[in-house]
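Chemist: So here's model-v9.pdb, just PDB, C-alpha atoms:
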```pdb
ATOM      1  CA  MET A   1      13.240 -15.382   0.823
ATOM      2  CA  ILE A   2      14.069 -11.682   0.424
ATOM      3  CA  ARG A   3      12.686  -9.581   3.276
ATOM      4  CA  MET A   4      11.367  -6.169   2.227
ATOM      5  CA  ILE A   5      10.312  -2.986   4.013
ATOM      6  CA  MET A   6       7.736  -0.854   2.184
ATOM      7  CA  HIS A   7       8.460   2.828   2.840
ATOM      8  CA  GLY A   8       5.190   4.610   2.068
ATOM      9  CA  CYS A   9       3.186   1.423   2.486
ATOM     10  CA  ASN A  10      -0.266   3.013   2.764
ATOM     11  CA  GLY A  11       0.030   5.161  -0.346
ATOM     12  CA  HIS A  12      -1.349   3.985  -3.684
ATOM     13  CA  MET A  13       1.907   2.462  -4.936
ATOM     14  CA  GLY A  14       2.709   1.062  -1.491
ATOM     15  CA  GLN A  15      -0.544  -0.892  -1.523
ATOM     16  CA  VAL A  16      -0.020  -2.014  -5.130
ATOM     17  CA  ILE A  17       3.425  -3.395  -4.231
ATOM     18  CA  THR A  18       2.109  -4.980  -1.027
ATOM     19  CA  LYS A  19      -0.446  -6.950  -3.039
ATOM     20  CA  LEU A  20       2.085  -7.973  -5.676
ATOM     21  CA  VAL A  21       4.554  -9.226  -3.064
ATOM     22  CA  LYS A  22       1.864 -11.482  -1.550
ATOM     23  CA  ASP A  23       1.859 -13.479  -4.784
ATOM     24  CA  ASP A  24       5.645 -13.513  -5.162
ATOM     25  CA  LYS A  25       7.367 -16.648  -3.845
ATOM     26  CA  GLU A  26      10.808 -15.023  -3.787
ATOM     27  CA  CYS A  27      10.120 -12.168  -1.376
ATOM     28  CA  GLN A  28       8.100 -11.170   1.680
ATOM     29  CA  MET A  29       6.971  -7.810   3.053
ATOM     30  CA  VAL A  30       8.079  -7.809   6.689
ATOM     31  CA  ALA A  31       7.358  -4.185   7.676
ATOM     32  CA  GLY A  32       5.969  -0.903   6.430
ATOM     33  CA  VAL A  33       6.408   2.784   7.160
ATOM     34  CA  ASP A  34       3.701   5.419   6.787
ATOM     35  CA  ARG A  35       2.394   8.360   8.819
ATOM     36  CA  TYR A  36      -1.145   7.451   7.762
ATOM     37  CA  MET A  37      -2.189   4.456   9.857
ATOM     38  CA  GLY A  38      -5.735   3.955   8.576
ATOM     39  CA  ILE A  39      -5.058   0.788   6.566
ATOM     40  CA  GLU A  40      -4.640  -2.721   7.964
ATOM     41  CA  ASN A  41      -1.663  -4.642   6.629
ATOM     42  CA  ASP A  42      -0.294  -8.141   7.203
ATOM     43  CA  TYR A  43       2.919  -6.674   8.598
ATOM     44  CA  PRO A  44       3.792  -4.143  11.323
ATOM     45  CA  VAL A  45       3.649  -0.490  10.262
ATOM     46  CA  PHE A  46       5.735   2.284  11.832
ATOM     47  CA  GLU A  47       5.107   6.031  11.624
ATOM     48  CA  THR A  48       8.732   6.755  10.727
ATOM     49  CA  ILE A  49      11.609   4.670   9.431
ATOM     50  CA  GLU A  50      13.619   5.526  12.549
ATOM     51  CA  LYS A  51      11.095   3.574  14.656
ATOM     52  CA  CYS A  52      11.326   0.442  12.508
ATOM     53  CA  ASP A  53      13.096  -2.358  14.387
ATOM     54  CA  VAL A  54      12.391  -5.186  11.919
ATOM     55  CA  ASP A  55      15.323  -6.847  10.170
ATOM     56  CA  ALA A  56      15.153  -6.768   6.378
ATOM     57  CA  ASP A  57      17.231  -7.215   3.237
ATOM     58  CA  VAL A  58      16.032  -4.204   1.235
ATOM     59  CA  VAL A  59      13.739  -1.159   1.410
ATOM     60  CA  ILE A  60      11.400  -0.122  -1.402
ATOM     61  CA  ASP A  61      10.504   3.566  -1.230
ATOM     62  CA  PHE A  62       7.400   5.138  -2.762
ATOM     63  CA  SER A  63       6.839   7.996  -0.316
ATOM     64  CA  ASN A  64       7.528  11.723  -0.679
ATOM     65  CA  SER A  65      10.618  13.869  -0.948
ATOM     66  CA  GLY A  66      10.260  15.088   2.650
ATOM     67  CA  ALA A  67      10.835  11.564   3.965
ATOM     68  CA  VAL A  68      13.844  10.702   1.816
ATOM     69  CA  ASP A  69      16.550  12.300   3.995
ATOM     70  CA  GLY A  70      15.620  10.253   7.059
ATOM     71  CA  LEU A  71      15.331   7.120   4.937
ATOM     72  CA  LEU A  72      18.831   7.549   3.522
ATOM     73  CA  ASP A  73      20.298   8.132   6.987
ATOM     74  CA  TYR A  74      18.587   4.967   8.256
ATOM     75  CA  CYS A  75      19.781   2.837   5.327
ATOM     76  CA  VAL A  76      23.359   4.064   5.679
ATOM     77  CA  GLU A  77      23.308   3.338   9.423
ATOM     78  CA  LYS A  78      21.874  -0.163   8.898
ATOM     79  CA  ASN A  79      23.850  -0.834   5.704
ATOM     80  CA  LEU A  80      20.483  -1.593   4.119
ATOM     81  CA  PRO A  81      19.985  -1.449   0.323
ATOM     82  CA  VAL A  82      17.207   0.881  -0.849
ATOM     83  CA  VAL A  83      15.206   1.139  -4.067
ATOM     84  CA  LEU A  84      14.406   4.845  -4.285
ATOM     85  CA  CYS A  85      11.268   5.454  -6.357
ATOM     86  CA  THR A  86      10.272   8.843  -4.931
ATOM     87  CA  THR A  87      10.516  11.675  -7.468
ATOM     88  CA  GLY A  88      10.842  15.434  -7.135
ATOM     89  CA  LEU A  89      14.097  15.357  -5.181
ATOM     90  CA  SER A  90      16.065  18.577  -4.797
ATOM     91  CA  GLN A  91      19.625  18.879  -6.055
ATOM     92  CA  GLU A  92      20.785  18.725  -2.445
ATOM     93  CA  GLN A  93      18.890  15.463  -1.956
ATOM     94  CA  ILE A  94      20.305  13.994  -5.165
ATOM     95  CA  GLU A  95      23.787  14.755  -3.835
ATOM     96  CA  LYS A  96      22.816  13.026  -0.588
ATOM     97  CA  VAL A  97      21.702   9.990  -2.576
ATOM     98  CA  GLU A  98      25.115   9.865  -4.226
ATOM     99  CA  LYS A  99      26.876  10.114  -0.870
ATOM    100  CA  ALA A 100      24.658   7.405   0.622
ATOM    101  CA  SER A 101      25.555   5.108  -2.279
ATOM    102  CA  GLU A 102      29.173   5.203  -1.085
ATOM    103  CA  LYS A 103      28.056   3.376   2.076
ATOM    104  CA  THR A 104      25.182   1.193   0.894
ATOM    105  CA  ALA A 105      23.477   0.046  -2.309
ATOM    106  CA  VAL A 106      21.016   2.601  -3.737
ATOM    107  CA  LEU A 107      18.944   2.101  -6.885
ATOM    108  CA  ARG A 108      17.310   5.162  -8.413
ATOM    109  CA  SER A 109      15.663   5.369 -11.836
ATOM    110  CA  ALA A 110      13.487   7.811 -13.781
ATOM    111  CA  ASN A 111      10.980   5.036 -14.464
ATOM    112  CA  MET A 112      10.624   1.683 -12.685
ATOM    113  CA  SER A 113       8.856  -0.120 -15.546
ATOM    114  CA  LEU A 114      10.793  -3.113 -16.848
ATOM    115  CA  GLY A 115       9.373  -2.482 -20.315
ATOM    116  CA  ILE A 116      10.469   1.157 -20.434
ATOM    117  CA  ASN A 117      13.966   0.293 -19.297
ATOM    118  CA  MET A 118      14.256  -2.496 -21.852
ATOM    119  CA  LEU A 119      13.037   0.015 -24.461
ATOM    120  CA  MET A 120      15.842   2.403 -23.505
ATOM    121  CA  LYS A 121      18.408  -0.258 -24.316
ATOM    122  CA  LEU A 122      16.725  -1.121 -27.629
ATOM    123  CA  LEU A 123      16.563   2.547 -28.634
ATOM    124  CA  LYS A 124      20.301   2.967 -28.195
ATOM    125  CA  GLU A 125      20.970   0.165 -30.654
ATOM    126  CA  ALA A 126      18.350   1.428 -33.107
ATOM    127  CA  ALA A 127      19.690   4.983 -32.989
ATOM    128  CA  LYS A 128      23.232   3.867 -33.826
ATOM    129  CA  ILE A 129      21.953   2.215 -37.002
ATOM    130  CA  LEU A 130      19.125   4.491 -38.133
ATOM    131  CA  ALA A 131      20.347   8.019 -37.337
ATOM    132  CA  PRO A 132      23.482   7.751 -39.527
ATOM    133  CA  ALA A 133      21.209   6.438 -42.287
ATOM    134  CA  GLY A 134      19.279   9.720 -42.246
ATOM    135  CA  PHE A 135      16.257   8.777 -40.150
ATOM    136  CA  ASP A 136      14.542  11.631 -38.273
ATOM    137  CA  ILE A 137      13.667  10.989 -34.618
ATOM    138  CA  GLU A 138      10.407  12.064 -32.986
ATOM    139  CA  LEU A 139       8.910  11.172 -29.606
ATOM    140  CA  VAL A 140       5.251  11.441 -28.572
ATOM    141  CA  GLU A 141       4.137  10.890 -24.983
ATOM    142  CA  LYS A 142       0.564  10.727 -23.648
ATOM    143  CA  HIS A 143      -0.655  10.978 -20.048
ATOM    144  CA  HIS A 144      -3.801  11.677 -18.040
ATOM    145  CA  ASN A 145      -5.212  15.178 -17.728
ATOM    146  CA  GLN A 146      -4.059  15.575 -14.107
ATOM    147  CA  LYS A 147      -0.344  15.314 -14.876
ATOM    148  CA  LEU A 148       1.422  18.585 -14.152
ATOM    149  CA  ASP A 149       4.747  18.294 -15.973
ATOM    150  CA  ALA A 150       5.339  18.096 -19.706
ATOM    151  CA  PRO A 151       7.164  16.431 -21.264
ATOM    152  CA  SER A 152       7.228  13.522 -18.846
ATOM    153  CA  GLY A 153      10.409  12.490 -17.095
ATOM    154  CA  THR A 154      10.191   9.171 -18.908
ATOM    155  CA  ALA A 155       9.999  10.899 -22.286
ATOM    156  CA  LEU A 156      13.150  12.836 -21.477
ATOM    157  CA  ALA A 157      14.868   9.661 -20.278
ATOM    158  CA  LEU A 158      14.011   7.940 -23.576
ATOM    159  CA  ALA A 159      15.298  10.923 -25.545
ATOM    160  CA  ASP A 160      18.465  10.942 -23.430
ATOM    161  CA  SER A 161      19.029   7.259 -24.215
ATOM    162  CA  VAL A 162      18.868   7.981 -27.936
ATOM    163  CA  ASN A 163      21.044  11.073 -27.656
ATOM    164  CA  GLU A 164      23.628   9.270 -25.561
ATOM    165  CA  ALA A 165      24.030   6.684 -28.306
ATOM    166  CA  LEU A 166      24.581   9.545 -30.762
ATOM    167  CA  ASP A 167      27.328  11.247 -28.713
ATOM    168  CA  ASN A 168      24.821  13.850 -27.449
ATOM    169  CA  GLU A 169      24.925  15.699 -30.765
ATOM    170  CA  TYR A 170      21.158  16.195 -30.979
ATOM    171  CA  ASN A 171      19.006  19.023 -29.608
ATOM    172  CA  TYR A 172      15.468  18.658 -28.239
ATOM    173  CA  VAL A 173      12.601  20.588 -29.830
ATOM    174  CA  TYR A 174       9.377  20.807 -27.801
ATOM    175  CA  ASP A 175       7.243  23.201 -29.850
ATOM    176  CA  ARG A 176       7.279  23.819 -33.601
ATOM    177  CA  SER A 177       4.355  26.267 -33.675
ATOM    178  CA  GLN A 178       6.572  29.362 -33.510
ATOM    179  CA  VAL A 179       9.209  28.163 -35.967
ATOM    180  CA  ARG A 180       8.708  28.517 -39.732
ATOM    181  CA  GLU A 181      11.624  26.503 -41.056
ATOM    182  CA  LYS A 182      12.554  23.027 -42.184
ATOM    183  CA  ARG A 183      13.331  20.398 -39.622
ATOM    184  CA  ASN A 184      16.978  20.217 -38.575
ATOM    185  CA  LYS A 185      18.535  16.775 -38.973
ATOM    186  CA  LYS A 186      20.233  17.007 -35.576
ATOM    187  CA  GLU A 187      17.110  17.292 -33.469
ATOM    188  CA  ILE A 188      14.731  15.090 -31.524
ATOM    189  CA  GLY A 189      11.156  16.344 -31.523
ATOM    190  CA  ILE A 190       9.234  15.742 -28.302
ATOM    191  CA  SER A 191       5.441  16.198 -28.137
ATOM    192  CA  ALA A 192       3.125  15.851 -25.130
ATOM    193  CA  VAL A 193      -0.572  14.899 -25.076
ATOM    194  CA  ARG A 194      -2.737  15.263 -21.944
ATOM    195  CA  GLY A 195      -6.204  13.766 -21.697
ATOM    196  CA  GLY A 196      -8.589  11.459 -19.871
ATOM    197  CA  THR A 197      -7.110   8.765 -17.668
ATOM    198  CA  ILE A 198      -4.183   7.679 -19.857
ATOM    199  CA  VAL A 199      -1.704   6.039 -17.463
ATOM    200  CA  GLY A 200       1.261   6.458 -19.781
ATOM    201  CA  GLU A 201       2.087   5.963 -23.434
ATOM    202  CA  HIS A 202       5.437   6.635 -25.099
ATOM    203  CA  GLU A 203       6.190   6.274 -28.794
ATOM    204  CA  VAL A 204       9.563   6.824 -30.435
ATOM    205  CA  ILE A 205       9.457   7.252 -34.210
ATOM    206  CA  PHE A 206      12.368   6.799 -36.604
ATOM    207  CA  ALA A 207      11.179   8.276 -39.911
ATOM    208  CA  GLY A 208      13.308   7.661 -42.989
ATOM    209  CA  ALA A 209      12.839   7.843 -46.755
ATOM    210  CA  ASP A 210       9.875   5.617 -47.606
ATOM    211  CA  GLU A 211       9.910   3.720 -44.299
ATOM    212  CA  VAL A 212       9.034   4.360 -40.654
ATOM    213  CA  ILE A 213      10.027   2.342 -37.607
ATOM    214  CA  GLU A 214       8.108   2.856 -34.348
ATOM    215  CA  PHE A 215       8.861   1.748 -30.805
ATOM    216  CA  LYS A 216       5.895   2.017 -28.442
ATOM    217  CA  HIS A 217       5.270   1.303 -24.768
ATOM    218  CA  THR A 218       1.829   1.517 -23.135
ATOM    219  CA  ALA A 219       1.196   1.285 -19.400
ATOM    220  CA  TYR A 220      -2.360   0.189 -18.607
ATOM    221  CA  SER A 221      -1.989   0.533 -14.848
ATOM    222  CA  LYS A 222       0.560   1.696 -12.297
ATOM    223  CA  ALA A 223       1.157  -1.949 -11.393
ATOM    224  CA  VAL A 224       3.915  -2.010 -14.029
ATOM    225  CA  PHE A 225       5.953   0.359 -11.858
ATOM    226  CA  GLY A 226       5.326  -1.800  -8.796
ATOM    227  CA  LYS A 227       6.487  -4.943 -10.597
ATOM    228  CA  GLY A 228       9.643  -3.163 -11.661
ATOM    229  CA  ALA A 229      10.304  -1.939  -8.118
ATOM    230  CA  ILE A 230       9.984  -5.483  -6.761
ATOM    231  CA  GLU A 231      12.403  -6.836  -9.358
ATOM    232  CA  ALA A 232      14.768  -3.999  -8.471
ATOM    233  CA  GLY A 233      14.496  -4.974  -4.791
ATOM    234  CA  LYS A 234      15.353  -8.590  -5.576
ATOM    235  CA  PHE A 235      18.330  -7.445  -7.644
ATOM    236  CA  LEU A 236      19.628  -4.996  -5.028
ATOM    237  CA  SER A 237      19.431  -7.348  -2.037
ATOM    238  CA  GLY A 238      22.958  -8.365  -1.087
ATOM    239  CA  LYS A 239      24.624  -5.981  -3.530
ATOM    240  CA  PRO A 240      27.695  -3.975  -2.435
ATOM    241  CA  ALA A 241      27.561  -0.204  -1.937
ATOM    242  CA  GLY A 242      27.052   1.728  -5.140
ATOM    243  CA  LEU A 243      24.597   3.733  -7.211
ATOM    244  CA  TYR A 244      22.473   1.517  -9.458
ATOM    245  CA  ASP A 245      19.595   2.056 -11.879
ATOM    246  CA  MET A 246      17.115  -0.136 -13.738
ATOM    247  CA  SER A 247      19.539  -0.724 -16.601
ATOM    248  CA  ASP A 248      21.529  -2.833 -14.115
ATOM    249  CA  VAL A 249      18.436  -4.938 -13.391
ATOM    250  CA  ILE A 250      17.786  -5.660 -17.065
ATOM    251  CA  GLN A 251      20.669  -7.628 -18.538
ATOM    252  CA  PHE A 252      20.547  -8.723 -22.193
TER     253      PHE A 252
END
```
Let me see the structure of the file written as structure tokens.

Modeler:
Amino acid sequence: MIRMIMHGCNGHMGQVITKLVKDDKECQMVAGVDRYMGIENDYPVFETIEKCDVDADVVIDFSNSGAVDGLLDYCVEKNLPVVLCTTGLSQEQIEKVEKASEKTAVLRSANMSLGINMLMKLLKEAAKILAPAGFDIELVEKHHNQKLDAPSGTALALADSVNEALDNEYNYVYDRSQVREKRNKKEIGISAVRGGTIVGEHEVIFAGADEVIEFKHTAYSKAVFGKGAIEAGKFLSGKPAGLYDMSDVIQF
């Protein structure tokens, strides 16, 4: 049984993961950390990670960037693996993540969905075959109307996967409205749609002469990210120090 600490346990994703772990026979939530104490959980909750005195095998973090520094210090001190799901880290914090990974196992990924990360691997193989054959590459992402950034981090990660397979020879084009010219063959078009309550939809299009191949992923709830985080926690438990991502979790 893998013992987990939920860092940010009373946030939306913390509660989603807590519920998912209850039905998982391979792991158990043994403690949580959150400054907001207004929710009852089946495990002890501490206001800060420094106050947590419960032994565990891995920490799953869905908190905020302000809490990440203390979390990394704690995990290095305890030699405790951590799945870092918090976004919006500064460059200084990213460097701290890299340093922490020299002492303990740290897994950080742009998107925790198992499906998205499998898609990244599939896109690399598709790009190696289709791009040399003259296929154009376009990416369309859709999210709810409250999302602030565009394109999404996941859209960029998908584009990066394709570009990496093509020796990073392609440029990204985000807006064609101001350009009156034919499409360049060495570009990846990225379009963003914002509306309603769309959780997340990403479509990668390979358009060739007389045929089109589409790869599409749709998230219907944020539970997909929680499931991925739990699988990442299972994978990371017992691993040696190092910097990991979700591509390490998904092995073909």

Chemist: Could you state which residues are captured by the PyMOL selection byres ((chain A and resi 49-62) around 9) in this file, as a count of residues only?

Modeler: 47

Chemist: Name the residues that the PyMOL selection byres ((chain A and resi 19) around 12) pulls out of this structure, and write them as a compact mmCIF listing (two decimals) with C-alpha atoms, in the frame of the given file.

Modeler:
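The new file result-v2.txt reads:
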```txt
# COMPACT_ATOMS: atom_id res chain seq x y z
CA MET A 6 7.74 -0.85 2.18
CA CYS A 9 3.19 1.42 2.49
CA ASN A 10 -0.27 3.01 2.76
CA HIS A 12 -1.35 3.98 -3.68
CA MET A 13 1.91 2.46 -4.94
CA GLY A 14 2.71 1.06 -1.49
CA GLN A 15 -0.54 -0.89 -1.52
CA VAL A 16 -0.02 -2.01 -5.13
CA ILE A 17 3.42 -3.40 -4.23
CA THR A 18 2.11 -4.98 -1.03
CA LEU A 20 2.08 -7.97 -5.68
CA VAL A 21 4.55 -9.23 -3.06
CA LYS A 22 1.86 -11.48 -1.55
CA ASP A 23 1.86 -13.48 -4.78
CA ASP A 24 5.64 -13.51 -5.16
CA CYS A 27 10.12 -12.17 -1.38
CA GLN A 28 8.10 -11.17 1.68
CA MET A 29 6.97 -7.81 3.05
CA ASN A 41 -1.66 -4.64 6.63
CA ASP A 42 -0.29 -8.14 7.20
CA ALA A 223 1.16 -1.95 -11.39
CA GLY A 226 5.33 -1.80 -8.80
CA LYS A 227 6.49 -4.94 -10.60
CA ILE A 230 9.98 -5.48 -6.76
```

Chemist: Go through A:Ile129, A:Leu72, A:Ile250, A:Thr154 one by one, measure the shortest atom-to-atom distance of each to Ser101 in chain A using all atoms listed in the file, and give the residue with the smallest value.

Modeler: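 Looking only at the distances to Ser101 in chain A, the closest residue turns out to be A:Leu72.
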
Chemist: CA of Met112 in chain A and CA of Ala219 in chain A, how far apart in Å?

Modeler: 11.6 Å

Chemist: List, as a PyMOL selection string, every residue that the PyMOL selection byres ((chain A and resi 187-192) around 12) selects in the file provided.

Modeler: chain A and resi 127+131+134-145+147-163+166+168-177+182-186+193-195+200-207

Chemist: Provide the CA of Gly228 in chain A to CA of Ser247 in chain A distance in Å, to one decimal place.

Modeler: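 Between CA of Gly228 in chain A and CA of Ser247 in chain A the gap works out to 11.3 Å.
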
Chemist: So, counting only C-alpha atoms, which residue among A:Thr218, A:Val249, A:Ala105, A:Gly38 is closest to Ile198 in chain A?

Modeler: A:Thr218

Chemist: Taking all atoms of range 79-92 of chain A that the file lists, what box with edges along x, y and z, padded by 5 Å per side, do you get, with centre and edge lengths in Å to one decimal, as lines of an AutoDock Vina configuration file?

Modeler:
```
center_x = 17.1
center_y = 8.6
center_z = -0.9
size_x = 23.6
size_y = 30.5
size_z = 23.2
```

Chemist: With the input short on atoms, add N, CA and C atoms back to range 234-245 of chain A and write it as a PDB file, in the frame of the given file.

Modeler:
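Resulting contents of selection_3.pdb:
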```
ATOM      1  N   LYS A 234      14.718  -7.267  -5.526  1.00  0.00           N
ATOM      2  CA  LYS A 234      15.353  -8.590  -5.576  1.00  0.00           C
ATOM      3  C   LYS A 234      16.804  -8.464  -6.057  1.00  0.00           C
ATOM      4  N   PHE A 235      16.991  -7.645  -7.085  1.00  0.00           N
ATOM      5  CA  PHE A 235      18.330  -7.445  -7.644  1.00  0.00           C
ATOM      6  C   PHE A 235      19.267  -6.803  -6.631  1.00  0.00           C
ATOM      7  N   LEU A 236      18.769  -5.807  -5.892  1.00  0.00           N
ATOM      8  CA  LEU A 236      19.628  -4.996  -5.028  1.00  0.00           C
ATOM      9  C   LEU A 236      19.997  -5.704  -3.734  1.00  0.00           C
ATOM     10  N   SER A 237      19.166  -6.639  -3.290  1.00  0.00           N
ATOM     11  CA  SER A 237      19.431  -7.348  -2.037  1.00  0.00           C
ATOM     12  C   SER A 237      20.792  -8.046  -2.101  1.00  0.00           C
ATOM     13  N   GLY A 238      21.642  -7.739  -1.150  1.00  0.00           N
ATOM     14  CA  GLY A 238      22.958  -8.365  -1.087  1.00  0.00           C
ATOM     15  C   GLY A 238      24.027  -7.706  -1.935  1.00  0.00           C
ATOM     16  N   LYS A 239      23.655  -6.652  -2.681  1.00  0.00           N
ATOM     17  CA  LYS A 239      24.624  -5.981  -3.530  1.00  0.00           C
ATOM     18  C   LYS A 239      25.541  -5.069  -2.696  1.00  0.00           C
ATOM     19  N   PRO A 240      26.779  -4.883  -3.140  1.00  0.00           N
ATOM     20  CA  PRO A 240      27.695  -3.975  -2.435  1.00  0.00           C
ATOM     21  C   PRO A 240      27.284  -2.520  -2.626  1.00  0.00           C
ATOM     22  N   ALA A 241      27.856  -1.631  -1.831  1.00  0.00           N
ATOM     23  CA  ALA A 241      27.561  -0.204  -1.937  1.00  0.00           C
ATOM     24  C   ALA A 241      27.787   0.279  -3.361  1.00  0.00           C
ATOM     25  N   GLY A 242      26.932   1.186  -3.791  1.00  0.00           N
ATOM     26  CA  GLY A 242      27.052   1.728  -5.140  1.00  0.00           C
ATOM     27  C   GLY A 242      25.740   2.330  -5.585  1.00  0.00           C
ATOM     28  N   LEU A 243      25.793   3.113  -6.651  1.00  0.00           N
ATOM     29  CA  LEU A 243      24.597   3.733  -7.211  1.00  0.00           C
ATOM     30  C   LEU A 243      24.175   2.946  -8.445  1.00  0.00           C
ATOM     31  N   TYR A 244      22.981   2.368  -8.390  1.00  0.00           N
ATOM     32  CA  TYR A 244      22.473   1.517  -9.458  1.00  0.00           C
ATOM     33  C   TYR A 244      21.240   2.155 -10.099  1.00  0.00           C
ATOM     34  N   ASP A 245      20.873   1.672 -11.288  1.00  0.00           N
ATOM     35  CA  ASP A 245      19.595   2.056 -11.879  1.00  0.00           C
ATOM     36  C   ASP A 245      18.976   0.826 -12.552  1.00  0.00           C
TER      37      ASP A 245
END
```
